[in-house]
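Pasted below: protein-v9.txt, compact mmCIF, C-alpha atoms.
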```
# COMPACT_ATOMS: atom_id res chain seq x y z
CA MET A 1 -11.48 9.07 38.74
CA VAL A 2 -11.26 12.84 38.55
CA VAL A 3 -14.98 13.52 39.01
CA ALA A 4 -15.33 11.50 42.19
CA THR A 5 -12.05 12.91 43.43
CA ALA A 6 -13.07 16.52 42.88
CA VAL A 7 -16.42 16.04 44.57
CA ASN A 8 -14.95 14.10 47.48
CA VAL A 9 -12.18 16.56 48.21
CA ASP A 10 -14.82 19.07 49.23
CA LEU A 11 -12.08 21.53 50.24
CA GLY A 12 -11.69 19.61 53.50
CA LEU A 13 -13.06 22.52 55.42
CA ALA A 14 -13.57 20.69 58.68
CA GLY A 15 -11.65 17.63 59.72
CA PRO A 16 -8.86 16.25 61.90
CA ALA A 17 -5.37 17.73 61.64
CA VAL A 18 -2.89 16.03 59.33
CA SER A 19 -0.03 14.21 61.12
CA PRO A 20 3.62 15.16 60.42
CA PRO A 21 4.52 11.98 58.48
CA ALA A 22 1.44 12.56 56.37
CA ILE A 23 2.52 16.16 55.73
CA ARG A 24 5.60 14.81 53.91
CA MET A 25 3.23 12.92 51.61
CA VAL A 26 1.08 16.03 51.19
CA ASP A 27 4.09 18.09 50.11
CA ALA A 28 5.25 15.35 47.75
CA THR A 29 1.74 15.24 46.27
CA LEU A 30 1.75 19.01 45.78
CA ARG A 31 5.02 18.76 43.85
CA CYS A 32 3.52 16.03 41.64
CA ILE A 33 0.34 18.02 41.02
CA ALA A 34 2.41 21.07 40.07
CA ARG A 35 4.07 18.92 37.41
CA TRP A 36 1.30 16.64 36.13
CA GLY A 37 -2.00 17.73 37.67
CA VAL A 38 -4.42 15.74 39.81
CA ALA A 39 -5.70 13.08 37.40
CA LYS A 40 -2.24 11.94 36.29
CA THR A 41 -0.69 11.87 39.78
CA THR A 42 -0.64 8.32 41.14
CA LEU A 43 0.16 7.09 44.62
CA ASP A 44 3.30 5.53 43.11
CA ASP A 45 4.38 8.99 41.94
CA VAL A 46 3.80 10.33 45.43
CA ALA A 47 5.77 7.49 47.05
CA ARG A 48 8.68 8.01 44.67
CA GLU A 49 8.65 11.78 45.23
CA ALA A 50 8.47 11.34 49.01
CA GLY A 51 11.27 8.75 48.93
CA CYS A 52 9.24 6.04 50.62
CA SER A 53 7.46 2.80 49.74
CA ARG A 54 3.98 2.48 48.29
CA ALA A 55 3.09 0.52 51.42
CA THR A 56 3.90 3.56 53.57
CA VAL A 57 1.62 5.76 51.50
CA TYR A 58 -1.23 3.27 51.76
CA ARG A 59 -0.66 2.88 55.49
CA LEU A 60 -0.91 6.64 56.03
CA PHE A 61 -3.81 7.01 53.60
CA PRO A 62 -6.02 3.95 53.73
CA GLY A 63 -8.60 6.03 51.87
CA GLY A 64 -6.29 5.98 48.86
CA LYS A 65 -6.00 8.91 46.49
CA ASP A 66 -9.25 10.50 47.72
CA GLY A 67 -8.01 10.46 51.32
CA LEU A 68 -4.66 11.89 50.24
CA LEU A 69 -6.26 14.72 48.24
CA ASP A 70 -8.52 15.46 51.19
CA ALA A 71 -5.43 15.84 53.41
CA VAL A 72 -3.78 18.04 50.74
CA ALA A 73 -6.78 20.36 50.66
CA ARG A 74 -6.98 20.60 54.45
CA THR A 75 -3.25 21.19 54.87
CA GLU A 76 -3.10 23.89 52.20
CA THR A 77 -6.21 25.59 53.57
CA GLU A 78 -4.67 25.69 57.03
CA ARG A 79 -1.37 27.00 55.67
CA PHE A 80 -3.17 29.63 53.62
CA PHE A 81 -5.04 31.09 56.59
CA ALA A 82 -2.00 30.80 58.89
CA GLY A 83 -0.09 32.85 56.33
CA LEU A 84 -2.82 35.47 56.24
CA ALA A 85 -2.86 35.67 60.04
CA GLU A 86 0.91 36.20 60.12
CA HIS A 87 0.68 39.13 57.70
CA MET A 88 -2.39 40.68 59.25
CA ALA A 89 -1.16 40.48 62.86
CA GLY A 90 0.74 43.76 63.07
CA ALA A 91 -1.80 45.96 61.28
CA GLU A 92 -2.48 49.28 62.96
CA SER A 93 -5.28 50.53 60.73
CA LEU A 94 -8.19 49.04 58.82
CA GLU A 95 -6.47 49.92 55.56
CA GLU A 96 -3.24 48.17 56.62
CA LEU A 97 -5.21 45.13 57.72
CA VAL A 98 -7.17 44.74 54.49
CA VAL A 99 -4.14 45.46 52.27
CA ALA A 100 -2.08 42.91 54.22
CA GLY A 101 -4.81 40.26 54.03
CA VAL A 102 -5.72 40.74 50.37
CA GLY A 103 -2.06 41.06 49.38
CA GLU A 104 -1.02 37.85 51.09
CA ALA A 105 -4.09 36.01 49.79
CA GLY A 106 -3.32 37.24 46.30
CA ARG A 107 0.36 36.26 46.42
CA ARG A 108 -0.49 32.79 47.71
CA LEU A 109 -3.28 32.13 45.21
CA VAL A 110 -1.48 33.48 42.17
CA GLY A 111 1.90 32.00 43.05
CA HIS A 112 0.87 28.54 44.23
CA PRO A 113 2.57 26.02 41.88
CA ALA A 114 -0.12 23.33 42.07
CA LEU A 115 -2.95 25.88 41.71
CA ARG A 116 -1.23 27.43 38.73
CA PHE A 117 -0.97 24.09 36.98
CA LEU A 118 -4.59 23.22 37.67
CA ALA A 119 -5.91 26.64 36.65
CA ALA A 120 -3.98 26.49 33.37
CA CYS A 121 -4.19 22.81 32.43
CA GLU A 122 -6.80 20.97 34.49
CA PRO A 123 -9.62 23.40 35.30
CA ASP A 124 -12.12 20.55 35.70
CA ALA A 125 -10.24 19.54 38.86
CA LEU A 126 -10.44 22.99 40.39
CA LEU A 127 -13.61 24.72 39.26
CA PRO A 128 -16.17 22.34 40.84
CA LEU A 129 -14.61 23.30 44.18
CA LEU A 130 -15.10 27.02 43.61
CA SER A 131 -18.31 27.47 41.64
CA PHE A 132 -21.99 28.00 42.45
CA ALA A 133 -22.93 26.02 45.59
CA GLN A 134 -19.26 25.38 46.40
CA LYS A 135 -18.55 29.09 46.10
CA ASP A 136 -21.18 29.67 48.81
CA ARG A 137 -19.26 27.28 51.06
CA VAL A 138 -15.88 28.85 50.34
CA LEU A 139 -17.27 32.33 51.02
CA GLY A 140 -18.89 31.12 54.24
CA PHE A 141 -15.68 29.49 55.43
CA ALA A 142 -13.45 32.46 54.54
CA SER A 143 -15.96 34.81 56.16
CA SER A 144 -16.10 32.97 59.45
CA TRP A 145 -12.29 32.78 59.58
CA ALA A 146 -11.73 36.47 58.78
CA GLU A 147 -14.65 37.97 60.69
CA PRO A 148 -12.88 38.23 64.07
CA TRP A 149 -10.06 40.18 62.39
CA LEU A 150 -12.40 42.91 61.18
CA ARG A 151 -14.66 42.94 64.20
CA PRO A 152 -12.52 45.45 66.17
CA TRP A 153 -12.89 47.90 63.25
CA LEU A 154 -16.39 47.17 61.95
CA GLY A 155 -18.30 45.53 64.79
CA ASP A 156 -21.40 43.66 63.62
CA HIS A 157 -20.69 44.58 60.00
CA ALA A 158 -17.49 42.54 59.96
CA GLY A 159 -19.18 39.45 58.52
CA ARG A 160 -20.61 41.36 55.57
CA ALA A 161 -17.28 43.08 54.94
CA VAL A 162 -15.25 39.87 54.85
CA GLU A 163 -17.61 38.11 52.44
CA TRP A 164 -17.40 41.08 50.12
CA ILE A 165 -13.59 41.23 50.28
CA ALA A 166 -13.40 37.44 49.75
CA ARG A 167 -15.50 37.83 46.60
CA LEU A 168 -13.09 40.44 45.29
CA VAL A 169 -10.09 38.23 45.98
CA LEU A 170 -11.72 35.24 44.24
CA SER A 171 -12.73 37.33 41.25
CA TYR A 172 -9.35 38.97 40.66
CA ALA A 173 -7.47 35.72 41.34
CA ALA A 174 -9.62 33.82 38.83
CA CYS A 175 -9.75 36.53 36.13
CA PRO A 176 -6.81 38.88 36.39
CA ALA A 177 -7.59 41.97 34.33
CA ASP A 178 -8.25 45.69 34.60
CA GLY A 179 -4.57 46.23 35.43
CA ILE A 180 -5.00 44.68 38.87
CA ASP A 181 -2.43 42.02 39.75
CA LEU A 182 -3.18 40.50 43.14
CA SER A 183 0.41 39.37 43.57
CA ASP A 184 1.63 42.96 43.28
CA GLY A 185 1.51 45.05 46.48
CA GLU A 186 0.95 48.36 44.71
CA SER A 187 -1.92 46.93 42.68
CA VAL A 188 -3.55 45.58 45.83
CA ARG A 189 -3.22 48.88 47.66
CA ARG A 190 -4.82 50.68 44.68
CA LEU A 191 -7.69 48.17 44.58
CA VAL A 192 -8.31 48.41 48.33
CA THR A 193 -8.16 52.20 48.57
CA THR A 194 -10.29 52.75 45.45
CA PHE A 195 -13.08 50.25 45.91
CA VAL A 196 -12.94 48.68 49.35
CA LEU A 197 -12.23 51.40 51.90
CA PRO A 198 -14.92 53.87 50.78
CA GLY A 199 -17.40 50.98 50.76
CA LEU A 200 -16.33 49.91 54.25
CA ALA A 201 -16.94 53.45 55.46
CA ARG A 202 -20.42 53.31 53.93
CA LEU A 203 -20.92 49.88 55.56
CA ALA A 204 -20.02 51.24 58.97
CA GLU A 205 -22.78 53.85 58.50
CA ASP A 206 -25.38 51.26 57.50
CA THR A 207 -27.71 50.97 60.46
CA SER A 208 -30.06 48.35 59.05
CA ALA A 209 -30.33 44.80 60.41
CA PRO A 210 -27.81 42.12 59.38
CA THR A 211 -28.75 39.97 56.37
CA SER A 212 -31.26 37.21 56.95
CA ARG A 213 -28.75 34.41 56.20
CA GLY A 214 -25.84 36.18 57.87
CA SER A 215 -25.50 33.74 60.73
CA GLN A 216 -24.74 30.84 58.36
CA MET B 1 -26.83 43.95 9.69
CA PRO B 2 -28.91 41.00 8.51
CA LEU B 3 -27.70 37.53 9.38
CA THR B 4 -26.07 35.74 6.49
CA VAL B 5 -27.54 32.41 5.49
CA ARG B 6 -24.60 30.66 7.16
CA ASP B 7 -25.12 32.52 10.46
CA ASP B 8 -28.79 31.65 10.39
CA ALA B 9 -28.00 27.97 9.86
CA ARG B 10 -25.45 28.08 12.67
CA GLU B 11 -28.06 29.53 15.03
CA ARG B 12 -30.48 26.74 14.14
CA ILE B 13 -27.83 24.08 14.74
CA LEU B 14 -26.97 25.54 18.13
CA ALA B 15 -30.65 25.75 19.07
CA GLY B 16 -30.96 22.09 18.12
CA ALA B 17 -27.83 21.24 20.10
CA TYR B 18 -29.26 23.02 23.12
CA ALA B 19 -32.46 20.99 22.84
CA CYS B 20 -30.34 17.81 22.81
CA VAL B 21 -28.38 18.95 25.86
CA ALA B 22 -31.65 19.65 27.66
CA ARG B 23 -32.74 16.09 26.92
CA TYR B 24 -29.52 14.03 27.14
CA GLY B 25 -27.00 16.24 28.91
CA LEU B 26 -23.72 17.65 27.60
CA ALA B 27 -21.63 14.48 27.43
CA LYS B 28 -24.32 12.36 25.79
CA THR B 29 -25.20 14.89 23.08
CA THR B 30 -23.46 13.56 20.00
CA VAL B 31 -22.61 15.12 16.67
CA ASP B 32 -24.97 12.59 15.08
CA ASP B 33 -27.87 13.65 17.34
CA VAL B 34 -27.42 17.29 16.44
CA ALA B 35 -26.77 16.71 12.74
CA ARG B 36 -29.90 14.57 12.49
CA LEU B 37 -32.01 17.11 14.39
CA SER B 38 -30.75 19.91 12.15
CA GLY B 39 -31.38 17.89 9.00
CA LEU B 40 -27.70 17.94 8.03
CA SER B 41 -25.28 15.29 6.92
CA ARG B 42 -22.26 14.67 9.16
CA ALA B 43 -20.05 16.17 6.46
CA THR B 44 -22.09 19.39 6.36
CA PHE B 45 -22.16 19.54 10.13
CA TYR B 46 -18.37 19.31 10.29
CA ARG B 47 -18.10 22.22 7.86
CA TYR B 48 -19.83 24.37 10.50
CA PHE B 49 -18.04 22.72 13.45
CA PRO B 50 -14.68 21.40 12.29
CA GLY B 51 -13.71 20.95 15.92
CA GLY B 52 -16.48 18.37 16.30
CA LYS B 53 -18.09 17.60 19.65
CA ASP B 54 -15.62 19.68 21.68
CA GLN B 55 -16.30 22.76 19.61
CA LEU B 56 -20.04 22.08 19.71
CA GLN B 57 -20.01 21.88 23.51
CA ARG B 58 -18.03 25.11 23.81
CA GLU B 59 -20.34 26.94 21.41
CA VAL B 60 -23.65 25.71 22.79
CA VAL B 61 -22.60 26.88 26.27
CA ALA B 62 -21.53 30.25 24.85
CA TRP B 63 -24.82 30.42 22.91
CA GLU B 64 -27.04 29.97 25.95
CA VAL B 65 -24.88 32.24 28.13
CA ARG B 66 -25.27 35.00 25.50
CA ARG B 67 -29.05 34.42 25.39
CA PHE B 68 -29.28 34.51 29.20
CA PHE B 69 -27.56 37.88 29.33
CA ALA B 70 -29.63 39.18 26.42
CA ARG B 71 -32.77 38.32 28.40
CA LEU B 72 -31.26 40.01 31.46
CA ALA B 73 -30.35 43.14 29.48
CA GLU B 74 -33.88 43.33 28.10
CA ALA B 75 -35.39 42.96 31.58
CA VAL B 76 -33.32 45.78 33.11
CA GLY B 77 -32.72 47.99 30.08
CA PRO B 78 -35.48 50.51 30.84
CA ALA B 79 -34.06 51.26 34.33
CA PRO B 80 -33.76 55.02 34.88
CA ASP B 81 -30.48 54.95 36.84
CA LEU B 82 -27.54 52.83 37.90
CA ALA B 83 -28.85 51.76 41.32
CA THR B 84 -32.26 50.72 39.97
CA MET B 85 -30.63 48.81 37.11
CA LEU B 86 -28.38 46.90 39.54
CA VAL B 87 -31.24 46.07 41.91
CA GLU B 88 -33.56 44.86 39.14
CA GLY B 89 -30.67 43.03 37.49
CA LEU B 90 -29.68 41.07 40.59
CA LEU B 91 -33.27 40.17 41.44
CA TYR B 92 -33.96 39.00 37.90
CA ALA B 93 -30.67 37.14 37.35
CA HIS B 94 -30.79 35.31 40.68
CA ARG B 95 -34.32 34.09 39.99
CA ALA B 96 -33.52 33.24 36.36
CA LEU B 97 -30.53 31.10 37.32
CA ILE B 98 -32.47 29.15 39.92
CA ASP B 99 -35.29 28.60 37.42
CA HIS B 100 -32.91 27.62 34.61
CA GLU B 101 -33.72 23.92 34.38
CA VAL B 102 -31.00 22.94 31.92
CA LEU B 103 -28.27 24.74 33.87
CA GLN B 104 -29.38 23.26 37.18
CA LYS B 105 -29.59 19.76 35.73
CA VAL B 106 -26.15 19.90 34.09
CA LEU B 107 -24.63 21.44 37.25
CA GLN B 108 -26.05 18.55 39.21
CA THR B 109 -24.99 15.75 36.84
CA GLU B 110 -21.92 17.01 34.93
CA PRO B 111 -20.30 19.92 36.78
CA GLU B 112 -16.75 18.91 35.87
CA LEU B 113 -17.68 19.16 32.18
CA LEU B 114 -19.76 22.34 32.33
CA LEU B 115 -17.76 24.48 34.75
CA PRO B 116 -14.55 24.82 32.69
CA LEU B 117 -16.71 25.78 29.67
CA LEU B 118 -18.60 28.33 31.77
CA SER B 119 -15.46 29.84 33.20
CA VAL B 120 -14.08 30.46 29.72
CA GLU B 121 -17.34 32.30 29.02
CA ALA B 122 -17.02 34.18 32.31
CA ASN B 123 -13.78 35.72 31.11
CA ARG B 124 -15.61 36.99 28.04
CA LEU B 125 -18.61 38.02 30.13
CA LEU B 126 -16.65 40.49 32.25
CA PRO B 127 -16.08 42.97 29.42
CA LEU B 128 -19.60 42.34 28.13
CA VAL B 129 -21.27 43.12 31.44
CA ALA B 130 -18.91 46.06 32.03
CA GLY B 131 -19.89 47.42 28.63
CA PHE B 132 -23.58 47.14 29.48
CA VAL B 133 -23.11 48.86 32.82
CA GLU B 134 -20.92 51.71 31.58
CA PRO B 135 -23.61 54.04 30.17
CA TYR B 136 -25.43 53.92 33.50
CA VAL B 137 -22.16 54.55 35.34
CA ALA B 138 -21.38 57.51 33.07
CA ARG B 139 -24.68 59.17 34.12
CA ALA B 140 -24.11 58.51 37.85
CA PRO B 141 -22.47 60.88 40.37
CA LEU B 142 -19.11 59.13 40.65
CA LEU B 143 -16.72 59.63 43.55
CA PRO B 144 -13.88 61.99 42.64
CA GLY B 145 -10.94 60.38 40.86
CA LEU B 146 -12.91 57.37 39.67
CA GLU B 147 -13.08 56.66 35.93
CA PRO B 148 -16.33 55.21 34.49
CA ASP B 149 -14.52 52.23 32.94
CA GLN B 150 -12.85 51.35 36.27
CA ALA B 151 -16.18 51.54 38.06
CA ALA B 152 -17.89 49.49 35.37
CA GLY B 153 -15.18 46.81 35.59
CA TYR B 154 -15.56 46.54 39.36
CA LEU B 155 -19.37 46.38 39.12
CA ALA B 156 -19.21 43.69 36.43
CA ARG B 157 -17.10 41.49 38.71
CA MET B 158 -19.44 42.02 41.66
CA ILE B 159 -22.56 41.36 39.56
CA LEU B 160 -21.18 38.06 38.25
CA SER B 161 -20.03 37.05 41.73
CA TYR B 162 -23.41 37.63 43.40
CA ILE B 163 -25.34 36.06 40.54
CA GLU B 164 -23.26 32.90 40.81
CA ALA B 165 -23.52 32.50 44.58
CA GLN B 166 -25.66 34.58 46.90
CA GLY B 167 -23.49 33.82 49.97
CA ARG B 168 -24.96 35.39 53.10
CA TRP B 169 -27.64 37.24 51.13
CA ASP B 170 -31.21 36.37 50.22
CA LEU B 171 -31.36 37.71 46.70
CA THR B 172 -35.10 37.07 46.45
CA ASP B 173 -35.60 39.83 49.03
CA ARG B 174 -35.80 43.26 47.40
CA SER B 175 -34.84 45.20 50.53
CA GLU B 176 -31.71 43.07 50.99
CA VAL B 177 -30.74 43.55 47.36
CA GLU B 178 -31.24 47.31 47.74
CA ARG B 179 -28.92 47.32 50.75
CA LEU B 180 -26.32 45.21 48.92
CA VAL B 181 -26.40 47.54 45.91
CA ARG B 182 -26.20 50.71 48.00
CA VAL B 183 -23.25 49.55 50.14
CA GLU B 184 -21.16 46.73 48.64
CA LEU B 185 -21.69 47.64 45.00
CA LEU B 186 -22.03 51.43 44.97
CA GLY B 187 -20.43 52.43 48.28
CA GLY B 188 -17.06 52.92 46.65
CA ILE B 189 -18.50 54.17 43.34
CA VAL B 190 -21.03 56.97 43.81
CA THR B 191 -21.22 59.93 46.14
CA GLY B 192 -23.80 60.29 48.91
```

Take the structure in the file and give it back as structure tokens.
Amino acid sequence: MVVATAVNVDLGLAGPAVSPPAIRMVDATLRCIARWGVAKTTLDDVAREAGCSRATVYRLFPGGKDGLLDAVARTETERFFAGLAEHMAGAESLEELVVAGVGEAGRRLVGHPALRFLAACEPDALLPLLSFAQKDRVLGFASSWAEPWLRPWLGDHAGRAVEWIARLVLSYAACPADGIDLSDGESVRRLVTTFVLPGLARLAEDTSAPTSRGSQ
Amino acid sequence: MPLTVRDDARERILAGAYACVARYGLAKTTVDDVARLSGLSRATFYRYFPGGKDQLQREVVAWEVRRFFARLAEAVGPAPDLATMLVEGLLYAHRALIDHEVLQKVLQTEPELLLPLLSVEANRLLPLVAGFVEPYVARAPLLPGLEPDQAAGYLARMILSYIEAQGRWDLTDRSEVERLVRVELLGGIVTG
């Protein structure tokens, strides 16, 4: 049932790695979701798409559809951040770093076939993972991943900076508007240089104590 | 412009629908419940809401979202400048959302039903909040090259983001909110 599924997926933010045979199932599932969404994708569909038997799917995912969706979320999350790391690795300035990170995040979020289907046709599968209390968790997770990247440039302010940038990415990815297209490099550079960099400079000057919940 | 009789009736129906949602939740509020509460026949009800229950759910969410932001606008309206307005606005909105019993209950029990309806409203809210912010932005010392409507659009996104989820911040703490406004919100917007 979609409700239980959405709540159980929980973005899979911490859990064991997904084994290679299971990754084939994950990719097959993603192709199914991109076509039919989460609710209408059955384990039979996944088996057919992966070219294996139902029994194989059940063997790899004894937790059934919930377990499979959990693995999908964890795999895609890992891939997402690995992709960001690849693009951010060569950056030689703070501007380059932020533009690379936001640009890659934007391209991946906007262009992801399964995400696009869900955003357009099955928002009730996606939004509970990204709203209110869940948004807090997503921001916290993205912040702790990205913080070491900004630390060399911003020191103790890195955590604040990454949460702020993550909010921008989520906002523009969810509601594209104002002429900013996160999948377009020029748009991203404009966004970063207009709103982010001056703010980061101001942040670096801010000598007050970190926020009270900052260690979370 | 005075409300027409039809608008007035629509308002009363939505107020009644909201009362039902508060009691029974979104899914369990039926057309019959609302029609009965509003003293209307089903037929009359469907003249106002030809889309039935789906349309009613969409509109009652939109109705309360509009009222929430009207209350917010009234609370911060008198602010003398942009920074003060943003600080008072975040403090008020954060508290008001936590204290919003119907929202919290529906978020707890029926998030998959409410959230898509809210996110449709969020897309309409962006220009609404940007429009509210713009006069304050126009009076503020903007960084060179920045247009008031660009700044207002950015601030609207940030306001909605922080209201929805406070993240690493404690938005009940005035000094934290002041810091957030000065740096994250206005750091790239105003001089000094």

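Counting all atoms listed in the file and comparing B:Val129, B:Ala43, B:Leu113, B:Leu37, the residue that lies closest to chain A is B:Leu113.
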
With all atoms of segment 187-194 of chain A from the file as input, state the centre and edge lengths in Å to one decimal of the axis-aligned box that has 5 Å extra on each side, as lines of an AutoDock Vina configuration file.
```
center_x = -6.1
center_y = 49.2
center_z = 45.6
size_x = 18.4
size_y = 17.2
size_z = 15.9
```

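Distance annotation: of A:Cys175, A:Val38, A:Val138, A:Val169, the residue with the minimal separation from Gly167 of chain B is A:Val138; atom set is all atoms listed in the file.
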
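Neighbouring residues of Phe61 of chain A at 9 Å or closer, counting only C-alpha atoms and skipping chain neighbours under 5 positions away, are Ala22, Thr56, Asp66, Gly67, Leu68 and Ala71 of chain A.
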
Hey, which bits of chain B sit within 8 Å of chain A, and for each residue what's the closest pair of atoms and how far apart in Å (one decimal), counting all atoms listed in the file, rows by chain and increasing number, as CSV?
```
residue,atom,partner,partner_atom,distance
B:Pro111,CA,A:Pro128,CA,6.3
B:Glu112,CA,A:Asp124,CA,4.9
B:Leu113,CA,A:Asp124,CA,6.7
B:Leu115,CA,A:Leu127,CA,6.1
B:Pro116,CA,A:Pro123,CA,5.8
B:Asn123,CA,A:Cys175,CA,6.5
B:Leu146,CA,A:Thr194,CA,7.8
B:Gln150,CA,A:Asp178,CA,7.5
B:Gly153,CA,A:Asp178,CA,7.1
B:Tyr154,CA,A:Phe195,CA,7.9
B:Arg157,CA,A:Ser171,CA,6.5
B:Met158,CA,A:Leu168,CA,7.5
B:Ser161,CA,A:Arg167,CA,6.7
B:Glu164,CA,A:Phe132,CA,5.3
B:Ala165,CA,A:Phe132,CA,5.2
B:Gln166,CA,A:Asp136,CA,6.9
B:Gly167,CA,A:Asp136,CA,4.9
B:Arg168,CA,A:Gly214,CA,4.9
B:Trp169,CA,A:Arg213,CA,5.9
B:Asp170,CA,A:Arg213,CA,6.8
B:Glu176,CA,A:Thr211,CA,6.9
B:Val183,CA,A:Leu203,CA,5.9
B:Glu184,CA,A:Gly199,CA,6.1
B:Leu185,CA,A:Gly199,CA,7.9
B:Leu186,CA,A:Gly199,CA,7.4
B:Gly187,CA,A:Gly199,CA,4.2
B:Gly188,CA,A:Gly199,CA,4.6
B:Ile189,CA,A:Phe195,CA,7.2
```

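In this comparison, which uses all atoms listed in the file, the residue of B:Ala15, B:Val106, B:Val133, B:Ala27 approaching Gly77 of chain B most closely is B:Val133.
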
Restore N, CA and C atoms in segment 55-75 of chain B and list the result as a PDB file, keeping the file's coordinate frame.
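New file part.pdb:
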```
ATOM      1  N   GLN B  55     -15.950  21.420  20.049  1.00  0.00           N
ATOM      2  CA  GLN B  55     -16.300  22.760  19.610  1.00  0.00           C
ATOM      3  C   GLN B  55     -17.802  23.002  19.823  1.00  0.00           C
ATOM      4  N   LEU B  56     -18.589  21.971  19.537  1.00  0.00           N
ATOM      5  CA  LEU B  56     -20.040  22.080  19.710  1.00  0.00           C
ATOM      6  C   LEU B  56     -20.381  22.373  21.169  1.00  0.00           C
ATOM      7  N   GLN B  57     -19.739  21.659  22.086  1.00  0.00           N
ATOM      8  CA  GLN B  57     -20.010  21.880  23.510  1.00  0.00           C
ATOM      9  C   GLN B  57     -19.645  23.299  23.919  1.00  0.00           C
ATOM     10  N   ARG B  58     -18.456  23.747  23.483  1.00  0.00           N
ATOM     11  CA  ARG B  58     -18.030  25.110  23.810  1.00  0.00           C
ATOM     12  C   ARG B  58     -19.037  26.118  23.295  1.00  0.00           C
ATOM     13  N   GLU B  59     -19.480  25.933  22.039  1.00  0.00           N
ATOM     14  CA  GLU B  59     -20.340  26.940  21.410  1.00  0.00           C
ATOM     15  C   GLU B  59     -21.775  26.902  21.922  1.00  0.00           C
ATOM     16  N   VAL B  60     -22.277  25.739  22.298  1.00  0.00           N
ATOM     17  CA  VAL B  60     -23.650  25.710  22.790  1.00  0.00           C
ATOM     18  C   VAL B  60     -23.725  26.360  24.180  1.00  0.00           C
ATOM     19  N   VAL B  61     -22.661  26.182  24.975  1.00  0.00           N
ATOM     20  CA  VAL B  61     -22.600  26.880  26.270  1.00  0.00           C
ATOM     21  C   VAL B  61     -22.554  28.388  26.035  1.00  0.00           C
ATOM     22  N   ALA B  62     -21.656  28.818  25.142  1.00  0.00           N
ATOM     23  CA  ALA B  62     -21.530  30.250  24.850  1.00  0.00           C
ATOM     24  C   ALA B  62     -22.868  30.801  24.326  1.00  0.00           C
ATOM     25  N   TRP B  63     -23.542  30.012  23.511  1.00  0.00           N
ATOM     26  CA  TRP B  63     -24.820  30.420  22.910  1.00  0.00           C
ATOM     27  C   TRP B  63     -25.863  30.711  23.985  1.00  0.00           C
ATOM     28  N   GLU B  64     -26.010  29.785  24.927  1.00  0.00           N
ATOM     29  CA  GLU B  64     -27.040  29.970  25.950  1.00  0.00           C
ATOM     30  C   GLU B  64     -26.637  31.054  26.952  1.00  0.00           C
ATOM     31  N   VAL B  65     -25.337  31.168  27.254  1.00  0.00           N
ATOM     32  CA  VAL B  65     -24.880  32.240  28.130  1.00  0.00           C
ATOM     33  C   VAL B  65     -25.220  33.600  27.512  1.00  0.00           C
ATOM     34  N   ARG B  66     -24.947  33.741  26.190  1.00  0.00           N
ATOM     35  CA  ARG B  66     -25.270  35.000  25.500  1.00  0.00           C
ATOM     36  C   ARG B  66     -26.761  35.281  25.582  1.00  0.00           C
ATOM     37  N   ARG B  67     -27.600  34.217  25.369  1.00  0.00           N
ATOM     38  CA  ARG B  67     -29.050  34.420  25.390  1.00  0.00           C
ATOM     39  C   ARG B  67     -29.507  34.792  26.796  1.00  0.00           C
ATOM     40  N   PHE B  68     -28.915  34.191  27.817  1.00  0.00           N
ATOM     41  CA  PHE B  68     -29.280  34.510  29.200  1.00  0.00           C
ATOM     42  C   PHE B  68     -29.037  35.994  29.455  1.00  0.00           C
ATOM     43  N   PHE B  69     -27.861  36.481  29.051  1.00  0.00           N
ATOM     44  CA  PHE B  69     -27.560  37.880  29.330  1.00  0.00           C
ATOM     45  C   PHE B  69     -28.345  38.825  28.437  1.00  0.00           C
ATOM     46  N   ALA B  70     -28.749  38.357  27.255  1.00  0.00           N
ATOM     47  CA  ALA B  70     -29.630  39.180  26.420  1.00  0.00           C
ATOM     48  C   ALA B  70     -30.984  39.333  27.096  1.00  0.00           C
ATOM     49  N   ARG B  71     -31.487  38.243  27.694  1.00  0.00           N
ATOM     50  CA  ARG B  71     -32.770  38.320  28.400  1.00  0.00           C
ATOM     51  C   ARG B  71     -32.643  39.257  29.592  1.00  0.00           C
ATOM     52  N   LEU B  72     -31.496  39.152  30.299  1.00  0.00           N
ATOM     53  CA  LEU B  72     -31.260  40.010  31.460  1.00  0.00           C
ATOM     54  C   LEU B  72     -31.210  41.473  31.036  1.00  0.00           C
ATOM     55  N   ALA B  73     -30.468  41.753  29.971  1.00  0.00           N
ATOM     56  CA  ALA B  73     -30.350  43.140  29.480  1.00  0.00           C
ATOM     57  C   ALA B  73     -31.710  43.700  29.118  1.00  0.00           C
ATOM     58  N   GLU B  74     -32.547  42.860  28.491  1.00  0.00           N
ATOM     59  CA  GLU B  74     -33.880  43.330  28.100  1.00  0.00           C
ATOM     60  C   GLU B  74     -34.727  43.628  29.334  1.00  0.00           C
ATOM     61  N   ALA B  75     -34.572  42.779  30.377  1.00  0.00           N
ATOM     62  CA  ALA B  75     -35.390  42.960  31.580  1.00  0.00           C
ATOM     63  C   ALA B  75     -35.016  44.238  32.319  1.00  0.00           C
TER      64      ALA B  75
END
```
